[in-house]
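**Student:** So I've got this file, final.cif, and it contains mmCIF, C-alpha atoms:
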```
data_input
loop_
_atom_site.label_atom_id
_atom_site.label_comp_id
_atom_site.auth_asym_id
_atom_site.auth_seq_id
_atom_site.Cartn_x
_atom_site.Cartn_y
_atom_site.Cartn_z
CA GLU O 933 102.54 69.91 108.81
CA ALA O 934 99.49 71.82 107.60
CA GLY O 935 99.97 75.46 106.76
CA VAL O 936 97.68 78.38 107.49
CA VAL O 937 94.19 77.56 106.25
CA GLN O 938 91.74 80.19 105.07
CA SER O 939 88.21 79.98 103.80
CA PRO O 940 86.51 80.78 101.61
CA ARG O 941 89.11 81.30 98.90
CA TYR O 942 86.82 83.53 96.88
CA LYS O 943 83.74 85.53 97.81
CA ILE O 944 81.51 87.75 95.70
CA ILE O 945 78.86 89.85 97.43
CA GLU O 946 76.67 92.85 96.81
CA LYS O 947 77.60 96.07 98.56
CA LYS O 948 76.02 96.59 101.97
CA GLN O 949 75.98 92.83 102.60
CA PRO O 950 77.94 91.28 105.46
CA VAL O 951 80.85 88.91 104.88
CA ALA O 952 83.09 86.81 107.10
CA PHE O 953 86.48 85.21 106.59
CA TRP O 954 87.90 82.34 108.61
CA CYS O 955 91.50 81.49 109.43
CA ASN O 956 93.06 78.46 111.11
CA PRO O 957 96.71 79.14 112.00
CA ILE O 958 99.56 76.67 112.19
CA SER O 959 99.28 74.54 115.31
CA GLY O 960 101.20 76.04 118.21
CA HIS O 961 101.46 79.53 116.72
CA ASN O 962 100.29 82.02 119.31
CA THR O 963 100.44 85.08 117.08
CA LEU O 964 97.88 85.60 114.34
CA TYR O 965 97.67 88.44 111.82
CA TRP O 966 95.07 89.68 109.36
CA TYR O 967 96.33 91.68 106.39
CA LEU O 968 94.59 93.51 103.57
CA GLN O 969 96.21 93.44 100.14
CA ASN O 970 94.93 95.71 97.41
CA LEU O 971 95.76 94.97 93.80
CA GLY O 972 99.35 95.87 92.99
CA GLN O 973 100.18 96.70 96.58
CA GLY O 974 101.89 95.00 99.47
CA PRO O 975 99.86 93.64 102.37
CA GLU O 976 98.88 96.04 105.15
CA LEU O 977 98.30 94.89 108.70
CA LEU O 978 94.72 95.11 109.96
CA ILE O 979 95.03 93.38 113.31
CA ARG O 980 97.46 91.25 115.31
CA TYR O 981 96.53 88.78 118.05
CA GLU O 982 98.68 87.34 120.79
CA ASN O 983 96.59 84.34 121.84
CA GLU O 984 93.10 85.75 122.40
CA GLU O 985 94.19 89.36 122.83
CA ALA O 986 94.18 91.89 120.01
CA VAL O 987 97.47 93.71 120.66
CA ASP O 988 97.48 95.90 117.55
CA ASP O 989 94.23 96.87 115.85
CA SER O 990 95.16 100.44 115.05
CA GLN O 991 94.64 99.93 111.30
CA LEU O 992 91.31 98.12 111.59
CA PRO O 993 88.38 100.31 110.42
CA LYS O 994 86.25 99.64 113.46
CA ASP O 995 83.09 101.18 112.08
CA ARG O 996 82.57 98.22 109.74
CA PHE O 997 85.30 95.67 110.48
CA SER O 998 85.47 93.35 113.45
CA ALA O 999 87.60 90.36 114.34
CA GLU O 1000 87.71 87.73 117.00
CA ARG O 1001 89.98 84.92 118.04
CA LEU O 1002 88.10 82.86 120.56
CA LYS O 1003 90.16 80.30 122.49
CA GLY O 1004 93.31 81.72 120.91
CA VAL O 1005 93.25 79.44 117.86
CA ASP O 1006 90.93 80.10 114.91
CA SER O 1007 90.03 83.63 113.94
CA THR O 1008 87.21 85.31 112.06
CA LEU O 1009 87.31 88.67 110.31
CA LYS O 1010 83.97 90.27 109.51
CA ILE O 1011 82.89 93.22 107.41
CA GLN O 1012 79.42 94.69 107.88
CA PRO O 1013 78.32 96.34 105.70
CA ALA O 1014 80.74 95.80 102.82
CA GLU O 1015 81.59 98.67 100.50
CA LEU O 1016 82.92 98.65 96.94
CA GLY O 1017 86.34 99.74 98.19
CA ASP O 1018 86.64 96.62 100.34
CA SER O 1019 87.34 94.51 97.26
CA ALA O 1020 90.79 93.07 97.95
CA VAL O 1021 92.60 89.97 99.15
CA TYR O 1022 92.46 89.30 102.87
CA LEU O 1023 95.47 87.38 104.11
CA CYS O 1024 95.90 85.58 107.39
CA ALA O 1025 99.32 84.77 108.82
CA SER O 1026 100.63 83.16 111.97
CA SER O 1027 103.96 83.02 113.73
CA PRO O 1028 105.45 81.07 116.62
CA GLY O 1029 106.87 84.11 118.43
CA GLY O 1030 110.41 84.95 119.53
CA GLN O 1031 113.05 86.76 117.52
CA PRO O 1032 113.48 86.54 114.65
CA ASP O 1033 109.83 85.74 114.10
CA THR O 1034 108.90 84.45 110.66
CA GLN O 1035 105.29 84.83 109.59
CA TYR O 1036 103.61 82.06 107.62
CA PHE O 1037 100.85 83.18 105.28
CA GLY O 1038 97.68 81.50 104.14
CA PRO O 1039 96.48 81.64 100.51
CA GLY O 1040 94.11 84.50 101.20
CA THR O 1041 90.45 85.20 100.49
CA ARG O 1042 89.73 87.27 97.40
CA LEU O 1043 86.71 89.47 98.05
CA THR O 1044 84.78 91.14 95.26
CA VAL O 1045 82.08 93.64 96.23
CA LEU O 1046 79.63 94.48 93.44
CA LYS U 184 106.46 106.77 109.33
CA GLN U 185 108.34 103.95 107.65
CA GLU U 186 108.04 103.94 103.86
CA VAL U 187 109.23 101.05 101.74
CA THR U 188 109.87 101.38 98.02
CA GLN U 189 110.72 98.66 95.54
CA ILE U 190 112.30 99.21 92.17
CA PRO U 191 111.64 98.16 89.50
CA ALA U 192 107.90 97.57 89.71
CA ALA U 193 108.11 94.97 86.96
CA LEU U 194 110.91 93.11 85.27
CA SER U 195 110.98 90.70 82.33
CA VAL U 196 114.19 88.81 81.60
CA PRO U 197 115.31 85.78 79.59
CA GLU U 198 116.15 82.60 81.39
CA GLY U 199 119.70 82.39 82.75
CA GLU U 200 120.18 86.06 83.57
CA ASN U 201 121.41 87.22 86.94
CA LEU U 202 119.21 89.96 88.34
CA VAL U 203 118.91 92.36 91.23
CA LEU U 204 115.75 93.57 92.92
CA ASN U 205 115.94 96.69 95.05
CA CYS U 206 114.22 97.72 98.25
CA SER U 207 114.69 101.06 99.99
CA PHE U 208 113.32 102.25 103.31
CA THR U 209 113.24 105.53 105.20
CA ASP U 210 113.70 104.47 108.85
CA SER U 211 116.77 102.42 109.71
CA ALA U 212 115.43 101.43 113.15
CA ILE U 213 114.38 97.93 112.13
CA TYR U 214 114.65 94.49 113.71
CA ASN U 215 114.69 92.42 110.56
CA LEU U 216 114.15 92.60 106.84
CA GLN U 217 112.47 89.81 104.95
CA TRP U 218 112.06 88.99 101.31
CA PHE U 219 108.89 87.17 100.31
CA ARG U 220 107.68 85.57 97.14
CA GLN U 221 104.03 85.67 96.09
CA ASP U 222 102.64 83.52 93.30
CA PRO U 223 99.31 84.51 91.67
CA GLY U 224 96.36 83.50 93.80
CA LYS U 225 98.57 82.32 96.62
CA GLY U 226 99.89 83.61 99.89
CA LEU U 227 103.38 84.81 100.64
CA THR U 228 106.36 82.53 101.13
CA SER U 229 109.33 83.77 103.14
CA LEU U 230 112.57 83.48 101.16
CA LEU U 231 115.19 85.12 103.33
CA LEU U 232 115.28 86.94 106.65
CA ILE U 233 118.14 89.27 107.54
CA GLN U 234 118.45 90.35 111.14
CA SER U 235 119.44 93.96 111.73
CA SER U 236 122.90 92.87 112.94
CA GLN U 237 123.54 90.92 109.74
CA ARG U 238 124.57 92.19 106.33
CA GLU U 239 123.44 89.34 104.12
CA GLN U 240 121.78 85.95 103.87
CA THR U 241 122.02 83.30 101.20
CA SER U 242 119.75 80.45 100.19
CA GLY U 243 120.56 78.53 97.04
CA ARG U 244 120.52 80.92 94.10
CA LEU U 245 119.22 83.78 96.26
CA ASN U 246 121.32 86.29 98.14
CA ALA U 247 119.90 89.21 100.09
CA SER U 248 121.92 92.07 101.49
CA LEU U 249 121.06 94.75 103.99
CA ASP U 250 122.65 98.19 104.40
CA LYS U 251 120.79 99.96 107.20
CA SER U 252 122.88 103.12 106.99
CA SER U 253 121.77 103.77 103.44
CA GLY U 254 118.29 102.31 103.91
CA ARG U 255 118.66 99.69 101.21
CA SER U 256 118.36 95.98 100.62
CA THR U 257 118.92 94.01 97.47
CA LEU U 258 117.79 90.55 96.44
CA TYR U 259 120.13 88.91 93.97
CA ILE U 260 118.84 85.99 91.91
CA ALA U 261 121.47 84.00 90.08
CA ALA U 262 120.83 82.09 86.87
CA SER U 263 117.13 82.93 86.75
CA GLN U 264 114.62 80.25 85.73
CA PRO U 265 111.00 80.44 84.49
CA GLY U 266 109.94 79.02 87.85
CA ASP U 267 111.25 82.19 89.50
CA SER U 268 108.41 84.15 87.90
CA ALA U 269 106.42 85.70 90.74
CA THR U 270 106.06 88.92 92.69
CA TYR U 271 108.84 89.60 95.16
CA LEU U 272 108.09 91.70 98.24
CA CYS U 273 110.43 93.08 100.84
CA ALA U 274 109.11 93.73 104.32
CA LEU U 275 110.57 95.54 107.28
CA ASP U 276 109.95 94.31 110.77
CA ASN U 277 109.98 96.93 113.48
CA THR U 278 108.08 96.39 116.71
CA ASP U 279 106.34 93.21 115.58
CA LYS U 280 104.77 94.78 112.54
CA LEU U 281 105.74 93.96 108.98
CA ILE U 282 105.69 96.91 106.60
CA PHE U 283 105.69 95.78 103.01
CA GLY U 284 106.88 97.36 99.82
CA THR U 285 104.70 97.32 96.72
CA GLY U 286 106.65 94.47 95.15
CA THR U 287 108.53 93.70 91.96
CA ARG U 288 106.68 91.54 89.46
CA LEU U 289 109.25 89.28 87.80
CA GLN U 290 108.74 87.31 84.62
CA VAL U 291 111.47 84.96 83.40
CA PHE U 292 110.83 83.67 79.90
CA PRO U 293 112.44 80.60 78.32
#
```
Let me see the file written as structure tokens.
**Tutor:**
Amino acid sequence: EAGVVQSPRYKIIEKKQPVAFWCNPISGHNTLYWYLQNLGQGPELLIRYENEEAVDDSQLPKDRFSAERLKGVDSTLKIQPAELGDSAVYLCASSPGGQPDTQYFGPGTRLTVL
Amino acid sequence: KQEVTQIPAALSVPEGENLVLNCSFTDSAIYNLQWFRQDPGKGLTSLLLIQSSQREQTSGRLNASLDKSSGRSTLYIAASQPGDSATYLCALDNTDKLIFGTGTRLQVFP
């Protein structure tokens, strides 16, 4: 069974440029998460989807970040415009639901903003 | 607000040692506690999940305990091996949100 797939794995951009990350969750997993992980820190939740609905986006900086999960499968996280402080690893995870609910993480996208 | 602290931040041990990683949290109202492993450049892999009604879970050489009353969890690794070298993160699950600690970076040398 394929795990959570993310692309690209690495991205280097100039500040003020837009960038997008893509995530394909494990088949059948209705819940999808985007996390931000700064160097030396644990991941922090940005947004959680239940199918197509964003049920927790309280930590998403909505002035520059946006996300979508059309058709309740793949998801895209976008930053526009990127700032130097956005340099981090962006992790996607999915889970099947129920309790206890184990999250399965993708390899992440490492973003460097110059 | 839930705060999760992991001590030590880094640990370097010779192969074969038994070791303990610590995780403390401020709010005992949790559903589950998970321990994850993260290898450089890779995502997180769940190692053990302890439900709030449980006190410990074991998988192979790993044993995790949970004491909600004192706000602590420990991950015990027996007979450590170089392949155990990674960052270990604990995460608390309350209301469908995982709150992570900052991790313990473990190096096991031959």
**Student:** Just so the selection is clear, what residues does the PyMOL selection byres ((chain U and resi 240) around 12) cover here, as a ChimeraX atom specification?
**Tutor:** /U:215-218,230-239,241-249,256-259
**Student:** Between O:Ala934, O:Cys1024, O:Phe953, O:Ile958, single out the one closest to O:Ser998, counting only C-alpha atoms.
**Tutor:**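 Going through O:Ala934, O:Cys1024, O:Phe953, O:Ile958 one by one, the smallest distance to O:Ser998 is for O:Phe953.
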**Student:** Please determine an axis-aligned box that encloses all atoms of stretch 262-277 of chain U listed in the file, with 5 Å added on each side, and express its centre and edge lengths in Å to one decimal as JSON.
**Tutor:**
```
{"center_x": 113.4, "center_y": 88.0, "center_z": 99.0, "size_x": 24.8, "size_y": 27.9, "size_z": 39.0}
```
**Student:** Report as a PyMOL selection string all protein, DNA and RNA residues lying within 8 Å of U:Gly284, evaluated on all atoms listed in the file, omitting residues in the same chain fewer than 6 positions from it.
**Tutor:** (chain O and resi 973-974) or (chain U and resi 186-189+206+272-274)
**Student:** Those same residues - C-alpha atoms - I'd like them written as a PDB file, in the frame of the given file.
**Tutor:**
```pdb
ATOM      1  CA  GLN O 973     100.180  96.700  96.580  1.00  0.00           C
ATOM      2  CA  GLY O 974     101.890  95.000  99.470  1.00  0.00           C
TER       3      GLY O 974
ATOM      4  CA  GLU U 186     108.040 103.940 103.860  1.00  0.00           C
ATOM      5  CA  VAL U 187     109.230 101.050 101.740  1.00  0.00           C
ATOM      6  CA  THR U 188     109.870 101.380  98.020  1.00  0.00           C
ATOM      7  CA  GLN U 189     110.720  98.660  95.540  1.00  0.00           C
ATOM      8  CA  CYS U 206     114.220  97.720  98.250  1.00  0.00           C
ATOM      9  CA  LEU U 272     108.090  91.700  98.240  1.00  0.00           C
ATOM     10  CA  CYS U 273     110.430  93.080 100.840  1.00  0.00           C
ATOM     11  CA  ALA U 274     109.110  93.730 104.320  1.00  0.00           C
TER      12      ALA U 274
END
```
**Student:** Check what the PyMOL selection byres ((chain O) within 12 of (chain U)) selects in the file above and give those residues as a ChimeraX atom specification.
**Tutor:** /O:935-938,941-942,963-982,987-991,1020-1027,1029-1042
**Student:** May I ask for the distance between atom CA of U:Gly199 and atom CA of U:Arg255, given in Å to one decimal place?
**Tutor:**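 Separation of atom CA of U:Gly199 and atom CA of U:Arg255: 25.3 Å.
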**Student:** If you measure from atom CA of O:Ser1007 to atom CA of O:Pro1028, what distance in Å do you get, rounded to one decimal?
**Tutor:**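 Spanning atom CA of O:Ser1007 to atom CA of O:Pro1028 is a straight-line distance of 15.9 Å.
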**Student:** If the PyMOL selection byres ((chain O and resi 1014) around 9) were run on this exact file, what residues would it hold? Put them as a ChimeraX atom specification.
**Tutor:** /O:945-951,996-997,1011-1013,1015-1019,1045
**Student:** What gap, in Å, lies between atom CA of O:Cys955 and atom CA of O:Thr1044?
**Tutor:**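 Going from atom CA of O:Cys955 over to atom CA of O:Thr1044 covers 18.4 Å.
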